[in-house]
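Peer 1: Supplied structure: entry_13.tsv, TSV, C-alpha atoms.
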chain	number	residue	atom	x	y	z
A	12	MET	CA	18.99	-144.86	63.32
A	13	LYS	CA	21.63	-144.48	66.00
A	14	ASP	CA	21.93	-140.86	65.07
A	15	GLU	CA	18.19	-140.39	65.44
A	16	ALA	CA	18.21	-141.91	68.91
A	17	GLY	CA	21.04	-139.56	69.77
A	18	THR	CA	18.99	-136.59	68.58
A	19	LEU	CA	16.03	-137.68	70.72
A	20	VAL	CA	18.25	-138.00	73.80
A	21	ILE	CA	19.67	-134.51	73.25
A	22	LEU	CA	16.19	-133.08	72.69
A	23	ALA	CA	14.81	-134.74	75.83
A	24	GLY	CA	17.79	-133.80	78.00
A	25	TYR	CA	17.92	-130.15	76.93
A	26	PHE	CA	14.21	-129.49	77.16
A	27	ALA	CA	13.89	-131.23	80.54
A	28	LEU	CA	16.72	-129.09	81.88
A	29	MET	CA	15.29	-125.93	80.32
A	30	SER	CA	11.86	-126.52	81.83
A	31	LEU	CA	13.26	-126.37	85.36
A	32	PHE	CA	14.32	-122.77	84.79
A	33	ALA	CA	11.16	-121.69	82.98
A	34	ILE	CA	9.54	-119.84	85.86
A	35	GLY	CA	6.69	-117.67	84.68
A	36	GLY	CA	5.71	-119.74	81.66
A	37	ALA	CA	7.15	-121.30	78.56
A	38	ASN	CA	7.72	-118.00	76.79
A	39	SER	CA	10.50	-117.16	79.25
A	40	ALA	CA	12.43	-120.12	77.80
A	41	ILE	CA	12.03	-119.08	74.13
A	42	PRO	CA	15.46	-117.40	73.86
A	43	GLU	CA	17.16	-120.51	75.25
A	44	MET	CA	15.21	-122.76	72.83
A	45	HIS	CA	16.29	-120.52	69.96
A	46	ARG	CA	19.91	-120.71	71.06
A	47	LEU	CA	19.89	-124.50	71.20
A	48	VAL	CA	17.81	-125.31	68.12
A	49	VAL	CA	19.03	-122.59	65.72
A	50	GLU	CA	22.45	-121.44	66.86
A	51	VAL	CA	24.03	-124.49	68.51
A	52	ARG	CA	22.47	-127.47	66.69
A	53	HIS	CA	21.35	-125.89	63.39
A	54	TRP	CA	18.23	-128.05	63.43
A	55	MET	CA	16.10	-125.14	62.20
A	56	THR	CA	16.74	-121.90	60.36
A	57	ASP	CA	15.95	-118.60	62.00
A	58	ARG	CA	12.94	-118.22	59.71
A	59	GLN	CA	11.62	-121.69	60.57
A	60	PHE	CA	11.93	-120.93	64.27
A	61	THR	CA	10.11	-117.60	63.93
A	62	ASP	CA	7.37	-119.27	61.89
A	63	SER	CA	7.02	-122.01	64.51
A	64	PHE	CA	6.59	-119.36	67.17
A	65	ALA	CA	3.91	-117.65	65.06
A	66	LEU	CA	2.12	-120.97	64.45
A	67	ALA	CA	2.17	-121.78	68.17
A	68	GLN	CA	0.63	-118.36	68.90
A	69	LEU	CA	-1.93	-118.88	66.17
A	70	SER	CA	-2.93	-122.30	67.48
A	71	PRO	CA	-5.07	-122.52	70.63
A	72	GLY	CA	-3.59	-124.05	73.77
A	73	PRO	CA	-0.84	-123.26	76.26
A	74	ASN	CA	2.19	-121.44	74.84
A	75	VAL	CA	4.37	-124.40	75.76
A	76	ILE	CA	2.95	-126.17	72.69
A	77	ILE	CA	5.73	-124.55	70.61
A	78	VAL	CA	8.04	-127.30	71.87
A	79	THR	CA	5.78	-129.90	70.20
A	80	LEU	CA	6.34	-128.16	66.88
A	81	ILE	CA	10.09	-127.90	67.40
A	82	GLY	CA	10.28	-131.60	68.30
A	83	TYR	CA	8.16	-132.47	65.24
A	84	HIS	CA	10.41	-130.46	62.99
A	85	VAL	CA	13.59	-132.01	64.37
A	86	ALA	CA	12.57	-135.66	64.73
A	87	GLY	CA	9.01	-136.24	63.44
A	88	LEU	CA	6.08	-137.48	65.52
A	89	VAL	CA	8.31	-139.28	68.04
A	90	GLY	CA	10.31	-136.09	68.41
A	91	ALA	CA	7.12	-134.11	69.03
A	92	VAL	CA	6.01	-136.43	71.83
A	93	VAL	CA	9.47	-136.81	73.40
A	94	THR	CA	10.10	-133.05	73.44
A	95	THR	CA	6.70	-132.24	74.93
A	96	LEU	CA	7.05	-134.89	77.63
A	97	ALA	CA	10.56	-133.71	78.45
A	98	MET	CA	9.39	-130.09	78.73
A	99	CYS	CA	6.36	-130.91	80.91
A	100	GLY	CA	7.16	-134.18	82.71
A	101	PRO	CA	9.69	-133.12	85.35
A	102	THR	CA	7.91	-129.88	86.26
A	103	CYS	CA	4.55	-131.68	86.42
A	104	LEU	CA	5.97	-134.26	88.82
A	105	PHE	CA	7.42	-131.45	90.89
A	106	ALA	CA	4.08	-129.59	90.86
A	107	TYR	CA	2.30	-132.81	91.87
A	108	PHE	CA	4.46	-133.32	94.96
A	109	VAL	CA	4.49	-129.66	95.95
A	110	GLY	CA	0.70	-129.53	95.52
A	111	ARG	CA	0.27	-132.64	97.69
A	112	THR	CA	2.54	-131.27	100.41
A	113	PHE	CA	0.86	-127.88	100.26
A	114	ASP	CA	-2.59	-129.45	100.66
A	115	ARG	CA	-1.43	-131.64	103.54
A	116	PHE	CA	-0.54	-128.56	105.55
A	117	ARG	CA	-3.81	-126.75	104.87
A	118	GLY	CA	-4.70	-124.99	108.10
A	119	ALA	CA	-1.08	-124.56	109.20
A	120	ALA	CA	-0.01	-121.01	109.92
A	121	TRP	CA	2.78	-120.99	107.32
A	122	HIS	CA	0.39	-122.32	104.71
A	123	ALA	CA	-1.97	-119.39	105.14
A	124	ALA	CA	0.91	-116.90	105.19
A	125	LEU	CA	2.50	-118.35	102.06
A	126	ALA	CA	-0.76	-118.46	100.11
A	127	GLY	CA	-1.87	-115.04	101.37
A	128	GLY	CA	1.52	-113.57	100.53
A	129	LEU	CA	1.89	-115.01	97.04
A	130	VAL	CA	-1.60	-114.10	95.77
A	131	PRO	CA	-1.19	-110.28	95.64
A	132	VAL	CA	2.28	-110.57	94.08
A	133	THR	CA	0.95	-112.97	91.44
A	134	LEU	CA	-1.93	-110.62	90.63
A	135	GLY	CA	0.52	-107.75	90.18
A	136	LEU	CA	2.70	-109.90	87.94
A	137	THR	CA	-0.26	-111.01	85.84
A	138	ALA	CA	-1.44	-107.42	85.46
A	139	ALA	CA	2.08	-106.48	84.34
A	140	SER	CA	2.16	-109.27	81.77
A	141	ALA	CA	-1.24	-108.11	80.47
A	142	THR	CA	0.23	-104.66	79.72
A	143	VAL	CA	3.30	-106.22	78.10
A	144	VAL	CA	1.09	-108.44	75.94
A	145	ALA	CA	-1.09	-105.46	75.03
A	146	SER	CA	1.80	-103.23	74.04
A	147	ALA	CA	3.22	-106.03	71.90
A	148	ALA	CA	-0.15	-106.68	70.25
A	149	ASP	CA	-1.44	-103.16	69.60
A	150	TYR	CA	0.17	-101.81	66.45
A	151	ASN	CA	-2.25	-98.91	65.96
A	152	TRP	CA	-5.24	-97.21	67.55
A	153	ILE	CA	-7.65	-99.81	66.19
A	154	GLY	CA	-5.63	-102.53	67.91
A	155	ALA	CA	-5.67	-100.56	71.15
A	156	ALA	CA	-9.42	-100.02	70.73
A	157	ILE	CA	-9.95	-103.79	70.28
A	158	THR	CA	-7.95	-104.48	73.45
A	159	LEU	CA	-9.88	-101.90	75.46
A	160	ALA	CA	-13.27	-102.96	74.10
A	161	THR	CA	-12.52	-106.65	74.80
A	162	ALA	CA	-11.46	-105.85	78.37
A	163	VAL	CA	-14.64	-103.86	79.02
A	164	ILE	CA	-16.95	-106.37	77.34
A	165	CYS	CA	-15.42	-109.43	79.01
A	166	TYR	CA	-15.53	-107.81	82.43
A	167	TRP	CA	-19.08	-106.49	82.35
A	168	VAL	CA	-21.04	-108.30	79.65
A	169	ARG	CA	-22.20	-111.90	79.80
A	170	ILE	CA	-20.99	-112.98	76.38
A	171	HIS	CA	-18.70	-115.80	75.35
A	172	PRO	CA	-15.24	-114.27	74.64
A	173	LEU	CA	-14.88	-116.31	71.44
A	174	TRP	CA	-17.49	-114.03	69.77
A	175	VAL	CA	-15.30	-111.04	70.57
A	176	PHE	CA	-12.26	-112.92	69.26
A	177	GLY	CA	-14.14	-113.68	66.03
A	178	VAL	CA	-14.86	-110.00	65.40
A	179	ALA	CA	-11.23	-109.14	66.18
A	180	ALA	CA	-10.02	-111.84	63.78
A	181	VAL	CA	-12.17	-110.43	60.97
A	182	LEU	CA	-10.93	-106.88	61.68
A	183	GLY	CA	-7.38	-108.23	61.47
A	184	MET	CA	-8.02	-110.19	58.30
A	185	ILE	CA	-9.40	-107.19	56.41
A	186	GLY	CA	-6.26	-105.33	57.44
A	187	ALA	CA	-7.75	-102.84	59.88
A	188	VAL	CA	-5.30	-103.57	62.68
B	18	MET	CA	-23.21	-122.12	76.89
B	19	ASN	CA	-22.51	-119.57	79.57
B	20	ASP	CA	-26.08	-118.51	80.29
B	21	SER	CA	-25.99	-120.31	83.60
B	22	SER	CA	-22.74	-118.72	84.70
B	23	PRO	CA	-23.00	-115.94	87.24
B	24	SER	CA	-22.60	-112.57	85.65
B	25	PRO	CA	-19.62	-110.73	87.00
B	26	SER	CA	-20.89	-107.51	88.48
B	27	LEU	CA	-19.16	-104.41	89.67
B	28	THR	CA	-19.92	-105.16	93.28
B	29	GLY	CA	-19.05	-108.84	93.02
B	30	GLN	CA	-22.46	-109.76	94.42
B	31	THR	CA	-22.64	-112.99	92.47
B	32	VAL	CA	-19.69	-114.31	94.43
B	33	GLU	CA	-20.85	-116.00	97.58
B	34	SER	CA	-19.18	-115.97	100.98
B	35	PRO	CA	-15.59	-114.95	100.41
B	36	LYS	CA	-14.13	-117.22	103.08
B	37	GLN	CA	-15.85	-120.33	101.80
B	38	LEU	CA	-13.40	-123.20	101.74
B	39	SER	CA	-15.04	-126.01	99.79
B	40	PRO	CA	-15.92	-125.84	96.11
B	41	ARG	CA	-19.57	-125.30	95.39
B	42	GLN	CA	-20.00	-128.19	93.00
B	43	PRO	CA	-19.31	-131.90	93.59
B	44	GLU	CA	-15.92	-133.22	92.56
B	45	PRO	CA	-15.69	-133.79	88.82
B	46	THR	CA	-15.42	-137.25	87.27
B	47	LEU	CA	-12.36	-138.19	85.22
B	48	SER	CA	-14.17	-137.62	81.92
B	49	ALA	CA	-15.48	-134.25	83.14
B	50	LEU	CA	-11.90	-133.30	84.05
B	51	PHE	CA	-10.63	-134.26	80.60
B	52	ILE	CA	-13.40	-132.38	78.78
B	53	ALA	CA	-12.97	-129.28	80.93
B	54	PHE	CA	-9.23	-129.03	80.33
B	55	ALA	CA	-9.52	-129.89	76.64
B	56	THR	CA	-12.12	-127.10	76.29
B	57	ILE	CA	-9.87	-124.63	78.14
B	58	SER	CA	-7.02	-125.58	75.88
B	59	LEU	CA	-8.89	-125.42	72.57
B	60	SER	CA	-10.47	-122.05	73.48
B	61	GLY	CA	-7.11	-120.68	74.59
B	62	PHE	CA	-6.11	-118.31	71.84
B	63	GLY	CA	-3.42	-116.04	73.20
B	64	GLY	CA	-3.02	-117.64	76.61
B	65	VAL	CA	-5.05	-120.06	78.69
B	66	LEU	CA	-5.26	-118.31	82.08
B	67	ALA	CA	-8.46	-116.42	81.22
B	68	TRP	CA	-10.13	-119.58	79.97
B	69	SER	CA	-9.05	-121.62	82.99
B	70	ARG	CA	-10.57	-119.14	85.39
B	71	ARG	CA	-13.72	-118.91	83.31
B	72	MET	CA	-14.13	-122.70	83.34
B	73	MET	CA	-13.18	-123.32	86.98
B	74	VAL	CA	-14.92	-120.36	88.64
B	75	GLU	CA	-17.70	-119.17	86.35
B	76	GLU	CA	-18.87	-122.20	84.34
B	77	ARG	CA	-18.28	-125.37	86.36
B	78	ARG	CA	-17.87	-123.61	89.73
B	79	TRP	CA	-15.39	-126.18	90.94
B	80	LEU	CA	-13.40	-123.44	92.66
B	81	THR	CA	-14.29	-120.20	94.40
B	82	PRO	CA	-12.52	-117.05	93.18
B	83	GLU	CA	-10.29	-117.19	96.28
B	84	GLN	CA	-9.40	-120.85	95.75
B	85	PHE	CA	-8.54	-120.20	92.12
B	86	ASN	CA	-6.27	-117.28	93.05
B	87	GLU	CA	-4.48	-119.37	95.65
B	88	ALA	CA	-3.93	-122.35	93.32
B	89	TYR	CA	-2.81	-120.09	90.48
B	90	ALA	CA	-0.39	-118.17	92.73
B	91	LEU	CA	1.22	-121.45	93.80
B	92	CYS	CA	1.55	-122.58	90.17
B	93	ALA	CA	3.00	-119.25	89.06
B	94	PHE	CA	5.88	-119.70	91.49
B	95	LEU	CA	6.65	-123.27	90.42
B	96	PRO	CA	8.91	-123.95	87.45
B	97	GLY	CA	7.17	-124.87	84.20
B	98	PRO	CA	4.10	-123.47	82.45
B	99	ASN	CA	1.58	-122.15	85.00
B	100	ILE	CA	-1.61	-123.70	83.66
B	101	VAL	CA	0.12	-127.03	82.98
B	102	ASN	CA	1.08	-127.07	86.67
B	103	PHE	CA	-2.43	-126.00	87.57
B	104	SER	CA	-3.98	-128.91	85.63
B	105	VAL	CA	-1.81	-131.41	87.52
B	106	ILE	CA	-2.46	-129.88	90.93
B	107	PHE	CA	-6.20	-129.42	90.41
B	108	GLY	CA	-6.72	-132.80	88.73
B	109	SER	CA	-4.86	-134.70	91.45
B	110	ARG	CA	-6.60	-132.76	94.21
B	111	MET	CA	-9.95	-133.87	92.77
B	112	ARG	CA	-9.18	-137.44	91.64
B	113	GLY	CA	-5.72	-138.46	92.82
B	114	PRO	CA	-2.67	-139.06	90.60
B	115	LEU	CA	-4.83	-140.40	87.75
B	116	GLY	CA	-6.93	-137.23	87.87
B	117	GLY	CA	-3.79	-135.15	87.50
B	118	LEU	CA	-2.70	-137.20	84.53
B	119	ILE	CA	-6.12	-136.99	82.85
B	120	ALA	CA	-6.35	-133.22	83.34
B	121	LEU	CA	-2.84	-132.85	81.89
B	122	ALA	CA	-3.76	-135.07	78.92
B	123	GLY	CA	-6.85	-132.94	78.29
B	124	LEU	CA	-4.81	-129.75	78.38
B	125	LEU	CA	-1.93	-130.94	76.17
B	126	GLY	CA	-3.31	-133.71	73.93
B	127	PRO	CA	-5.77	-131.84	71.66
B	128	PRO	CA	-3.52	-128.80	71.00
B	129	MET	CA	-0.57	-131.13	70.29
B	130	VAL	CA	-2.57	-132.91	67.59
B	131	LEU	CA	-3.79	-129.59	66.22
B	132	ILE	CA	-0.38	-127.95	66.02
B	133	ILE	CA	1.20	-130.96	64.30
B	134	ILE	CA	-1.54	-130.78	61.65
B	135	LEU	CA	-1.00	-127.02	61.33
B	136	GLY	CA	2.75	-127.53	61.09
B	137	ALA	CA	2.35	-130.12	58.34
B	138	LEU	CA	-0.08	-127.88	56.42
B	139	TYR	CA	2.27	-124.97	56.80
B	140	ALA	CA	5.13	-127.04	55.37
B	141	TYR	CA	3.02	-127.66	52.25
B	142	TYR	CA	1.36	-124.31	51.76
B	143	GLY	CA	4.02	-122.01	53.13
B	144	ASP	CA	3.05	-118.51	54.16
B	145	LEU	CA	-0.42	-117.89	55.54
B	146	PRO	CA	-0.77	-114.09	55.26
B	147	ALA	CA	-4.54	-113.92	55.85
B	148	LEU	CA	-4.28	-116.10	58.97
B	149	ARG	CA	-1.39	-114.05	60.22
B	150	ARG	CA	-3.36	-110.84	59.85
B	151	ALA	CA	-6.29	-112.44	61.66
B	152	LEU	CA	-3.88	-113.36	64.44
B	153	VAL	CA	-2.93	-109.71	64.91
B	154	GLY	CA	-6.59	-108.93	65.63
B	155	VAL	CA	-6.97	-111.90	67.97
B	156	ALA	CA	-3.78	-110.96	69.85
B	157	ALA	CA	-5.22	-107.50	70.55
B	158	ALA	CA	-8.44	-109.08	71.84
B	159	ALA	CA	-6.53	-111.67	73.90
B	160	ALA	CA	-4.66	-108.86	75.68
B	161	GLY	CA	-8.03	-107.31	76.57
B	162	LEU	CA	-9.41	-110.62	77.85
B	163	LEU	CA	-6.33	-111.03	80.06
B	164	MET	CA	-6.93	-107.54	81.50
B	165	ALA	CA	-10.56	-108.39	82.28
B	166	THR	CA	-9.44	-111.63	83.94
B	167	VAL	CA	-6.87	-109.86	86.12
B	168	ALA	CA	-9.56	-107.38	87.15
B	169	LYS	CA	-11.93	-110.22	88.10
B	170	MET	CA	-9.17	-112.06	89.98
B	171	SER	CA	-8.37	-108.90	91.94
B	172	ARG	CA	-11.90	-108.44	93.28
B	173	PRO	CA	-11.49	-110.65	96.40
B	174	LEU	CA	-8.26	-108.82	97.22
B	175	PHE	CA	-9.92	-105.43	97.22
B	176	ARG	CA	-12.99	-106.69	99.00
B	177	ASP	CA	-12.03	-108.52	102.14
B	178	ARG	CA	-8.65	-107.16	103.07
B	179	ALA	CA	-7.37	-103.86	104.23
B	180	VAL	CA	-4.93	-101.75	102.27
B	181	VAL	CA	-1.63	-103.60	102.31
B	182	ALA	CA	-2.39	-106.56	100.02
B	183	PRO	CA	-3.82	-104.37	97.22
B	184	LEU	CA	-0.83	-102.05	97.66
B	185	ILE	CA	1.53	-105.01	97.23
B	186	ALA	CA	-0.26	-106.04	94.04
B	187	ILE	CA	-0.11	-102.48	92.69
B	188	ALA	CA	3.55	-102.10	93.65
B	189	THR	CA	4.42	-105.34	91.84
B	190	PHE	CA	2.49	-104.19	88.79
B	191	VAL	CA	4.21	-100.78	88.70
B	192	ALA	CA	7.71	-102.23	89.29
B	193	ILE	CA	7.44	-104.87	86.54
B	194	GLY	CA	4.85	-103.53	84.11
B	195	ILE	CA	5.68	-99.82	84.11
B	196	MET	CA	9.19	-99.35	85.53
B	197	GLN	CA	10.29	-102.65	83.95
B	198	TRP	CA	12.72	-103.38	86.76
B	199	PRO	CA	14.38	-106.85	86.72
B	200	LEU	CA	11.88	-109.52	87.76
B	201	ALA	CA	14.19	-111.46	90.11
B	202	LEU	CA	15.21	-108.31	91.97
B	203	VAL	CA	11.63	-107.16	92.46
B	204	LEU	CA	10.50	-110.60	93.66
B	205	ILE	CA	13.39	-110.94	96.14
B	206	VAL	CA	12.18	-107.78	97.84
B	207	ILE	CA	8.43	-108.00	97.53
B	208	VAL	CA	7.72	-111.71	98.14
B	209	PRO	CA	9.21	-111.81	101.66
B	210	VAL	CA	7.47	-108.53	102.53
B	211	SER	CA	4.14	-109.89	101.32
B	212	ILE	CA	4.49	-113.23	103.11
B	213	ALA	CA	5.64	-111.53	106.31
B	214	TYR	CA	2.61	-109.26	106.21
B	215	ALA	CA	0.27	-112.24	105.62
B	216	TRP	CA	1.96	-114.01	108.55
B	217	VAL	CA	1.35	-111.08	110.88
B	218	GLN	CA	-2.24	-110.76	109.69
B	219	ARG	CA	-3.19	-114.43	109.90
Show the structure stored in the file as C-alpha cells.
Peer 2:
Amino acid sequence: MKDEAGTLVILAGYFALMSLFAIGGANSAIPEMHRLVVEVRHWMTDRQFTDSFALAQLSPGPNVIIVTLIGYHVAGLVGAVVTTLAMCGPTCLFAYFVGRTFDRFRGAAWHAALAGGLVPVTLGLTAASATVVASAADYNWIGAAITLATAVICYWVRIHPLWVFGVAAVLGMIGAV
Amino acid sequence: MNDSSPSPSLTGQTVESPKQLSPRQPEPTLSALFIAFATISLSGFGGVLAWSRRMMVEERRWLTPEQFNEAYALCAFLPGPNIVNFSVIFGSRMRGPLGGLIALAGLLGPPMVLIIILGALYAYYGDLPALRRALVGVAAAAAGLLMATVAKMSRPLFRDRAVVAPLIAIATFVAIGIMQWPLALVLIVIVPVSIAYAWVQR
C-alpha cells in the first residue's frame, strides 16, 4: 500500500511538472512522458505506450486524455484521476488567473497590443500544425484526397463534420487509405 | 443540428460587425456550459479546436469570430493544453470560478470515462485492426477539418486589417510549417515584432 501511495506521488509530481512545459498542447510532452513511464520507471512497455497513444487518438476528446490512460495503466482508477488532475490542475489555475488579469485590463493599450499581436502568430502556428497533421495522416493519394475534400466541404458546405468523418472511417476500414 | 448556424460564406457576410465586443447570445447557464464542452469533447476526433470554434462561434454564438481568435491566441501561449485552458477561461468569464470548473469537467469528464472503458476493453481483446484502419481515414479527415477551421479563423484578419498582420501569419506558417525552423527561435523573433506592430497600430 505504501508503495502504491509512493507511485501516485511520483505520478502526480512528474505530470504536474511536465504540464508547465507543455506549451502548444499535450502532444509536445509525449516524448517526456515516454521517457518517464517506459525508460526510467518501466511502468509500461514500449508497445503498451504506443498502443495507449493510438487509443487516445482513436478516442474523442483533447489529446491530453492520454495521461488518463497512462495513469490507469500504472495505478488503476485512482491513478487515472490523479494523473489527469496533476497534468491539468496547475496549468488550469494559471490560466484562470491570467485570464482574470487579462480581462481586468480590457481596454488598456497593452491589452489590445498583446491580443492583436498574438492572434496572427497563433493563426500561422495553427496553419503549420494543420500541415504537419496532414502530412502525418496522409499515407497515399486517397488519404490526401480525403483531407482536401474535408477541408473544402467543411469550409463551404453546411454539413455536420461528423458525416464526413463517418465516410472517411468507412474508407479507412475497407482499406482504401 | 446545425441548420440554424450561419453558413460560412466566401465573403464572410454572415459575420456581423467585426468590431463587436459583446457576445451575441446571453451568457450560458452552468448546465449549458457543461453540455457544450462535453459535446465539443465527444465530437473531437483528431483534435478539439475545430469543434470548439464550431460550438462557440457557429452554433451557440457565445463568441464572435474575433473574440474566439483572441481567447484562443491567449490560451495557445499559456502552458498546458490549449482547449483545456480555453474551457477554464471561457467558463469563468461567463460564470465565475464555478463556471470554469464546470466547463473543465464537461471537457475532461466524458472522454476520461470513455478512454478508461476503451483501455479496459483493449486489455481484454488486444489488437483492434479494423478500428485502427478506420482511424487512419478519420485522421485524414481531421486534418482537413483543421485546415477549414484555420481558414475560417483567418477571415477577420484578412478583412479588417491592412497587410502586416496577414503577412505575420503567413511568415509564421512558412517558418514553422514549411521551413520547419525551431519553434522557440521563430517565436522569439516574430512575437515581439507582431506585438510592436499592434502597439503602433492601436
Peer 1: Pick from A:Ala91, A:Leu28, A:Ala179, A:Ile164: nearest to chain B, with only C-alpha atoms counted?
Peer 2: A:Ala179
Peer 1: Work out how far atom CA of Leu66 of chain B is from atom CA of Pro98 of chain B, in Å to one decimal.
Peer 2: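 Separation between atom CA of Pro98 of chain B and atom CA of Leu66 of chain B: 10.7 Å.
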Peer 1: Can you tell me how far atom CA of Phe176 of chain A sits from atom CA of Ala158 of chain B, in Å to one decimal?
Peer 2: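 For atom CA of Phe176 of chain A relative to atom CA of Ala158 of chain B, the distance reads 6.0 Å.
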Peer 1: Quick one: residues within 12 Å of (-10.0, -102.6, 92.1) (file frame), counting all atoms listed in the file, please, as a PyMOL selection string.
Peer 2: (chain A and resi 134-135+138) or (chain B and resi 27-29+165+167-178+180+182-184+186-187)
Peer 1: Residues within 12 Å of Leu202 of chain B, please, as a PDB file with C-alpha atoms, in the frame of the given file. Count all atoms listed in the file; anything in the same chain fewer than 5 positions from it doesn't count.
Peer 2:
ATOM      1  CA  THR B 189       4.420-105.340  91.840  1.00  0.00           C
ATOM      2  CA  ALA B 192       7.710-102.230  89.290  1.00  0.00           C
ATOM      3  CA  ILE B 193       7.440-104.870  86.540  1.00  0.00           C
ATOM      4  CA  GLN B 197      10.290-102.650  83.950  1.00  0.00           C
ATOM      5  CA  ILE B 207       8.430-108.000  97.530  1.00  0.00           C
ATOM      6  CA  VAL B 208       7.720-111.710  98.140  1.00  0.00           C
ATOM      7  CA  PRO B 209       9.210-111.810 101.660  1.00  0.00           C
TER       8      PRO B 209
END
Peer 1: Please return the centre and edge lengths, in Å to one decimal, of a box with edges along x, y and z that contains all listed atoms of segment 56-73 of chain B, widened by 5 Å on every side, as lines of an AutoDock Vina configuration file.
Peer 2:
center_x = -8.6
center_y = -121.6
center_z = 79.4
size_x = 21.1
size_y = 21.1
size_z = 25.1
Peer 1: What's around segment 44-61 of chain A at 8 Å? Count only C-alpha atoms, leave out sequence neighbours fewer than 6 positions away in its own chain, and write the answer as a list in words.
Peer 2: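 Surrounding residues, per the criterion: Ile81, His84 and Val85 of chain A.
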Peer 1: Kindly complete segment 61-79 of chain A to N, CA and C atoms; the output should be written as a PDB file, in the coordinates of the input.
Peer 2:
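Written output follows (selection_28.pdb):
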ATOM      1  N   THR A  61      11.068-118.708  63.805  1.00  0.00           N
ATOM      2  CA  THR A  61      10.110-117.600  63.930  1.00  0.00           C
ATOM      3  C   THR A  61       8.716-118.034  63.486  1.00  0.00           C
ATOM      4  N   ASP A  62       8.666-118.789  62.381  1.00  0.00           N
ATOM      5  CA  ASP A  62       7.370-119.270  61.890  1.00  0.00           C
ATOM      6  C   ASP A  62       6.734-120.249  62.881  1.00  0.00           C
ATOM      7  N   SER A  63       7.561-121.096  63.506  1.00  0.00           N
ATOM      8  CA  SER A  63       7.020-122.010  64.510  1.00  0.00           C
ATOM      9  C   SER A  63       6.412-121.238  65.674  1.00  0.00           C
ATOM     10  N   PHE A  64       7.107-120.177  66.076  1.00  0.00           N
ATOM     11  CA  PHE A  64       6.590-119.360  67.170  1.00  0.00           C
ATOM     12  C   PHE A  64       5.239-118.757  66.774  1.00  0.00           C
ATOM     13  N   ALA A  65       5.161-118.244  65.535  1.00  0.00           N
ATOM     14  CA  ALA A  65       3.910-117.650  65.060  1.00  0.00           C
ATOM     15  C   ALA A  65       2.794-118.700  65.005  1.00  0.00           C
ATOM     16  N   LEU A  66       3.128-119.894  64.517  1.00  0.00           N
ATOM     17  CA  LEU A  66       2.120-120.970  64.450  1.00  0.00           C
ATOM     18  C   LEU A  66       1.625-121.346  65.842  1.00  0.00           C
ATOM     19  N   ALA A  67       2.551-121.415  66.811  1.00  0.00           N
ATOM     20  CA  ALA A  67       2.170-121.780  68.170  1.00  0.00           C
ATOM     21  C   ALA A  67       1.265-120.708  68.780  1.00  0.00           C
ATOM     22  N   GLN A  68       1.502-119.438  68.414  1.00  0.00           N
ATOM     23  CA  GLN A  68       0.630-118.360  68.900  1.00  0.00           C
ATOM     24  C   GLN A  68      -0.737-118.442  68.226  1.00  0.00           C
ATOM     25  N   LEU A  69      -0.709-118.802  66.962  1.00  0.00           N
ATOM     26  CA  LEU A  69      -1.930-118.880  66.170  1.00  0.00           C
ATOM     27  C   LEU A  69      -2.828-120.013  66.653  1.00  0.00           C
ATOM     28  N   SER A  70      -2.199-121.113  67.065  1.00  0.00           N
ATOM     29  CA  SER A  70      -2.930-122.300  67.480  1.00  0.00           C
ATOM     30  C   SER A  70      -3.411-122.133  68.917  1.00  0.00           C
ATOM     31  N   PRO A  71      -4.628-122.617  69.242  1.00  0.00           N
ATOM     32  CA  PRO A  71      -5.070-122.520  70.630  1.00  0.00           C
ATOM     33  C   PRO A  71      -4.265-123.454  71.523  1.00  0.00           C
ATOM     34  N   GLY A  72      -4.291-123.185  72.823  1.00  0.00           N
ATOM     35  CA  GLY A  72      -3.590-124.050  73.770  1.00  0.00           C
ATOM     36  C   GLY A  72      -2.508-123.292  74.499  1.00  0.00           C
ATOM     37  N   PRO A  73      -1.904-123.929  75.506  1.00  0.00           N
ATOM     38  CA  PRO A  73      -0.840-123.260  76.260  1.00  0.00           C
ATOM     39  C   PRO A  73       0.343-122.933  75.348  1.00  0.00           C
ATOM     40  N   ASN A  74       1.057-121.862  75.678  1.00  0.00           N
ATOM     41  CA  ASN A  74       2.190-121.440  74.840  1.00  0.00           C
ATOM     42  C   ASN A  74       3.267-122.496  74.724  1.00  0.00           C
ATOM     43  N   VAL A  75       3.324-123.383  75.727  1.00  0.00           N
ATOM     44  CA  VAL A  75       4.370-124.400  75.760  1.00  0.00           C
ATOM     45  C   VAL A  75       4.309-125.310  74.524  1.00  0.00           C
ATOM     46  N   ILE A  76       3.175-125.281  73.822  1.00  0.00           N
ATOM     47  CA  ILE A  76       2.950-126.170  72.690  1.00  0.00           C
ATOM     48  C   ILE A  76       3.961-125.910  71.552  1.00  0.00           C
ATOM     49  N   ILE A  77       4.678-124.792  71.612  1.00  0.00           N
ATOM     50  CA  ILE A  77       5.730-124.550  70.610  1.00  0.00           C
ATOM     51  C   ILE A  77       6.777-125.663  70.631  1.00  0.00           C
ATOM     52  N   VAL A  78       7.003-126.255  71.809  1.00  0.00           N
ATOM     53  CA  VAL A  78       8.040-127.300  71.870  1.00  0.00           C
ATOM     54  C   VAL A  78       7.600-128.550  71.091  1.00  0.00           C
ATOM     55  N   THR A  79       6.285-128.786  71.004  1.00  0.00           N
ATOM     56  CA  THR A  79       5.780-129.900  70.200  1.00  0.00           C
ATOM     57  C   THR A  79       6.189-129.714  68.742  1.00  0.00           C
TER      58      THR A  79
END
